[in-house]
Amino acid sequence: MSAEHKAAPREQFTGQVGFILSAIGSAVGLGNIWRFPGVAYENGGGAFMVPYLIALLTAGIPILFLDYALGHRFRGGAPQAFRRVKGWLESLGWFQVMICILIAVYYAAVVAWAGSFFVYSFGLDWGDDAAAFFVGEHLQLADVGGADPWLTFDFVAAVLIPLVIVWIAVIAVLAAGVVKGVQRANVVFIPLLVVAFGILVVRSLFLEGAIDGLNVLFTPDWSALGDADVWIAAYGQIFFSLSVAFGIMITYSSYRARKANMTSPGLVVAFSNSGFELLAGIGVFSALGFLASQEGVTVADLNFQGVLLAFVTFPTIVSEMPGGAFFGALFFGSLVMAGFTSLVSILQVVSAALQEKFALSRRAATLGMGLVLGAVSVLGFSTTTGLVLLDTVDAFVNNIGIVASAVFMCVFVVWVYRKAPELRYHLNAVSTTQVGRWWYACVGVIVPVMLVVMLVQYVILRIDEPYEGYDTTYLLYAGWGSVLLLFVGAILFTLPRWRGATAFTAWPTYPPTQDPAVMKEASR
Amino acid sequence: MSTEAVLMMIVALVIVWGGLVVSILALRARPERADYPAGGEDDHREDTEILRHDT
């Protein structure tokens with residue numbers, strides 16, 4: 001391998017288990033822990049499980065298979081895979097890479113906070129007022145409550161140092177490669193995460209008031225099933241929690257051997273993701289029930305969603321329970337592991353795309369990406385206004401960027417270039433679980449229709465009322481600006497000449513060629 | 001907990017975790033296909049710019 005333009009052979013997961021654990025590591029992230037419980041509670045409680053399961057079967061698994069088929073058949077990260085579908089679609093790949101870039105820079109900050117809180121939990125450093133500790137002492141948020149000044153470069157050491165450590169760790173993992181880095185990290189962290197989180201859930205089930213919490217979560221409100229918004233929430237939850245449609249699953253499946261089972265492991269991944277989510281719902285609501293009983297309030301009065309659930313409500317619970325330090329360490333340790341494995345997968349998308357387009361070595365692509373994105377991440381999110389920027393970018397990139405990306409995929413791959421039969425044939429040729437014709441209806445109609453409705457609703461909502469009541473000029477730059485950046489980045493990355501390998505024939509051949517021996521027999 | 005809530009919790013757990021168990025068992029029973037279409041050797045022909053297998 002001395003000649004310069006002899007690229008190394010494509011990396012490969014060592015087998016089924018490595019791939020499945022890595023895909024679970026990517027799918028199970030912070031959203032499973034802090035998004036699902038709140039969404040389920042607000043949308044009909046126990047009755048929410050009906051639209052949730054239907055969404056899993058009609059949208060989650062089908063779009064997961066679409067990602068798998070694209071990555072596995074066209075053997076590349078997002079830009080390379082889409083380029084092999086149709087030249088100009090490379091830009092859709094870069095659109096997905098841009099989503100990963102924007103998510104990675106703030107996601108790393110959340111992992112860093114969780115790391116800090118893991119350390120704080122040993123001494124229960126947040127004291128009696130966890131809210132004041134989080135926004136005041138830890139983040140040192142400029143003007144708590146979110147107003148002027150909107151953007152500062154006053155760095156907070158307590159955030160900056162862990163954030164730099166997170167970037168160094170994630171770059172080290174990616175630089176080590178798919179097998180020795182990504183796969184190894186997941187093989188260690190995912191079982192550890194399940195054990196740690198399992199202990200946490202069992203412990204919280206035996207807290208006083210836990211049963212009341214579960215009662216609140218699972219009491220079904222059947223009238224919710226007639227509400228269109230509940231159904232949209234279910235499709236949204238499935239869609240966001242599976243980490244589909246922004247390149248991750250395309251990239252990971254491109255690292256599987258050509259002759260590798262795809263759909264059966266895919267089902268394991270999809271059900272593991274939902275299984276973990278359900279476990280998180282049980283754990284979180286048991287703990288919320290305990291807190292409500294201690295404070296003499298109802299569960300509805302507590303903060304049970306997003307950043308505040310993790311960094312304010314949970315520390316409060318930990319302070320009030322016996323042996324809280326251990327419980328806190330388990331919770332924040334789980335957050336770090338779930339977040340870190342997802343961050344690794346998000347950055348692998350960027351790294352793979354750079355390697356393939358610009359014919360870079362893995363080390364060069366990883367280090368270059370790490371230095372640039374790490375710097376942006378530190379500049380934007382370790383300052384006293386980091387939380388506000390994070391909140392804004394997260395809302396816009398997820399609700400507009402990722403949803404639009406999935407709609408583009410369905411429209412161009414399924415409708416315009418009619419690749420669905422080829423992709424289904426591919427999946428069936430290599431997999432043990434066969435995909436029926438129902439799949440066309442899911443990725444061609446159900447998924448795009450639900451997502452377009454979500455997208456239109458969200459855009460109208462954001463035009464009507466500024467997100468979180470933030471300053472409209474700020475939202476124009478930080479929120480809509482992020483969305484614009486996705487498109488601009490997609491164009492800019494598509495323009496340069498493709499320097500990587502271009503020769504490619506998809507296998508197995510489509511439409512399937514007849515076996516010559518059989519044809520000879522038939523023509524006699 | 002109310003009976004209805006207990007019932008919904010059990011149904012949800014059985015379906016989701018049951019689905020997980022079934023999908024794992026199915027994969028263990030048939031981890032890979034026995035037959036593949038012709039071709040598809042992982043000889044990295046498409047990964048490198050110079051064909052290494054020809055020389």
# chains A, B, ... in the order shown; residues from 1 in each chain; ligands from 1
call {"tool": "residues_around", "arguments": {"residues": "Leu57 of chain A", "least_positions_apart": "5", "cutoff": "12 Å", "atoms": "only C-alpha atoms", "output": "PyMOL selection string"}}
result
(chain A and resi 50-52+62-65+234-235+238-239+267+270-271+274+438-439+442-443+446-447) or (chain B and resi 15-16+19)
call {"tool": "closest_atom_pairs", "arguments": {"of": "chain A", "to": "chain B", "cutoff": "6 Å", "atoms": "only C-alpha atoms", "output": "tab-separated table"}}
result
residue	atom	partner	partner_atom	distance
A:Lys6	CA	B:Thr48	CA	5.8
A:Ala7	CA	B:Thr48	CA	5.3
A:Pro9	CA	B:Asp47	CA	5.3
A:Arg10	CA	B:Asp47	CA	5.9
A:Gly46	CA	B:Met8	CA	5.4
A:Asn215	CA	B:Met1	CA	5.0
A:Phe218	CA	B:Ala5	CA	4.7
A:Thr219	CA	B:Ala5	CA	4.3
A:Asn261	CA	B:Glu32	CA	5.6
A:Ser264	CA	B:Leu27	CA	5.9
A:Val268	CA	B:Ser23	CA	5.4
A:Phe271	CA	B:Leu20	CA	5.0
A:Gly275	CA	B:Val16	CA	5.7
A:Thr432	CA	B:Arg33	CA	5.8
A:Ala501	CA	B:Glu49	CA	5.8
A:Phe504	CA	B:Glu46	CA	5.5
A:Trp507	CA	B:Gly40	CA	5.8
call {"tool": "residues_around", "arguments": {"residues": "Tyr440 of chain A", "least_positions_apart": "4", "cutoff": "9 Å", "atoms": "only C-alpha atoms", "output": "MDAnalysis selection string"}}
result
chainID A and resid 62 414 420:421 424 436 444:445
call {"tool": "closest_residue", "arguments": {"among": "A:Met409, A:Gly281, A:Ile402, A:Pro79", "to": "Gly500 of chain A", "atoms": "only C-alpha atoms"}}
result
A:Pro79
call {"tool": "residues_around", "arguments": {"residues": "segment 288-299 of chain A", "least_positions_apart": "3", "cutoff": "10 Å", "atoms": "only C-alpha atoms", "output": "list in words"}}
result
Ser204, Leu205, Phe206, Leu207, Glu208, Gly209, Ala210, Ile211, Asp212, Gly213, Leu214, Asn215, Val216, Leu217, Ile282, Gly283, Val284, Phe285, Leu302, Asn303, Phe304, Leu309, Thr313, Phe314, Thr316, Ile317, Val318, Glu320 and Met321 of chain A
call {"tool": "select_by_dssp", "arguments": {"residues": "segment 109-276 of chain A", "states": "helix (DSSP H, G or I)", "output": "JSON, numbers by chain"}}
result
{"A": [109, 110, 111, 112, 113, 114, 115, 116, 117, 118, 119, 120, 121, 130, 131, 132, 133, 134, 135, 136, 137, 138, 157, 158, 159, 160, 161, 162, 163, 164, 165, 166, 167, 168, 169, 170, 171, 172, 173, 174, 175, 177, 178, 179, 180, 181, 182, 183, 184, 185, 186, 187, 188, 189, 190, 191, 192, 193, 194, 195, 196, 197, 198, 199, 200, 201, 202, 203, 204, 205, 210, 211, 212, 213, 214, 215, 216, 217, 218, 222, 223, 224, 225, 226, 228, 229, 230, 231, 232, 233, 234, 235, 236, 237, 238, 239, 240, 241, 248, 249, 250, 251, 252, 253, 254, 263, 264, 265, 266, 267, 268, 269, 270, 271, 272, 273, 274, 275, 276]}
call {"tool": "atom_distance", "arguments": {"atom1": "atom CA of Gly323 of chain A", "atom2": "atom CA of Ala287 of chain A"}}
result
13.8 Å
call {"tool": "residues_around", "arguments": {"residues": "Met337 of chain A", "least_positions_apart": "2", "cutoff": "9 Å", "atoms": "only C-alpha atoms", "output": "list in words"}}
result
Gly25, Gly29, Val111, Phe189, Ile190, Leu192, Leu193, Phe332, Gly333, Ser334, Leu335, Gly339, Phe340, Thr341 and Ser342 of chain A
call {"tool": "closest_residue", "arguments": {"among": "A:Val269, A:Leu242, A:Ala506, A:Ala233", "to": "Val453 of chain A", "atoms": "only C-alpha atoms"}}
result
A:Ala233
call {"tool": "atom_distance", "arguments": {"atom1": "atom CA of Gly115 of chain A", "atom2": "atom CA of Ile161 of chain A"}}
result
10.6 Å
call {"tool": "closest_residue", "arguments": {"among": "A:Arg83, A:Phe95, A:Asn398, A:Phe327", "to": "Ala503 of chain A", "atoms": "only C-alpha atoms"}}
result
A:Arg83
call {"tool": "residues_around", "arguments": {"residues": "Phe240 of chain A", "least_positions_apart": "4", "cutoff": "8 Å", "atoms": "only C-alpha atoms", "output": "tab-separated table (two decimals) with all heavy atoms, in the first residue's frame"}}
result
chain	number	residue	atom	x	y	z
A	31	GLY	N	-32.55	11.38	23.56
A	31	GLY	CA	-33.98	11.51	23.28
A	31	GLY	C	-34.79	10.36	23.86
A	31	GLY	O	-35.92	10.55	24.30
A	236	GLY	N	-43.59	11.40	15.11
A	236	GLY	CA	-42.41	12.22	15.40
A	236	GLY	C	-41.48	11.54	16.38
A	236	GLY	O	-40.26	11.49	16.18
A	244	VAL	N	-32.91	8.08	12.16
A	244	VAL	CA	-32.98	7.76	10.74
A	244	VAL	C	-32.98	9.05	9.91
A	244	VAL	O	-33.24	10.12	10.43
A	244	VAL	CB	-34.25	6.95	10.40
A	244	VAL	CG1	-34.07	5.51	10.78
A	244	VAL	CG2	-35.47	7.54	11.03
A	398	ASN	N	-33.69	19.78	14.15
A	398	ASN	CA	-34.47	18.55	14.26
A	398	ASN	C	-35.80	18.65	13.55
A	398	ASN	O	-36.12	17.84	12.69
A	398	ASN	CB	-34.73	18.20	15.73
A	398	ASN	CG	-33.60	17.39	16.31
A	398	ASN	OD1	-33.46	16.22	16.03
A	398	ASN	ND2	-32.77	18.04	17.09
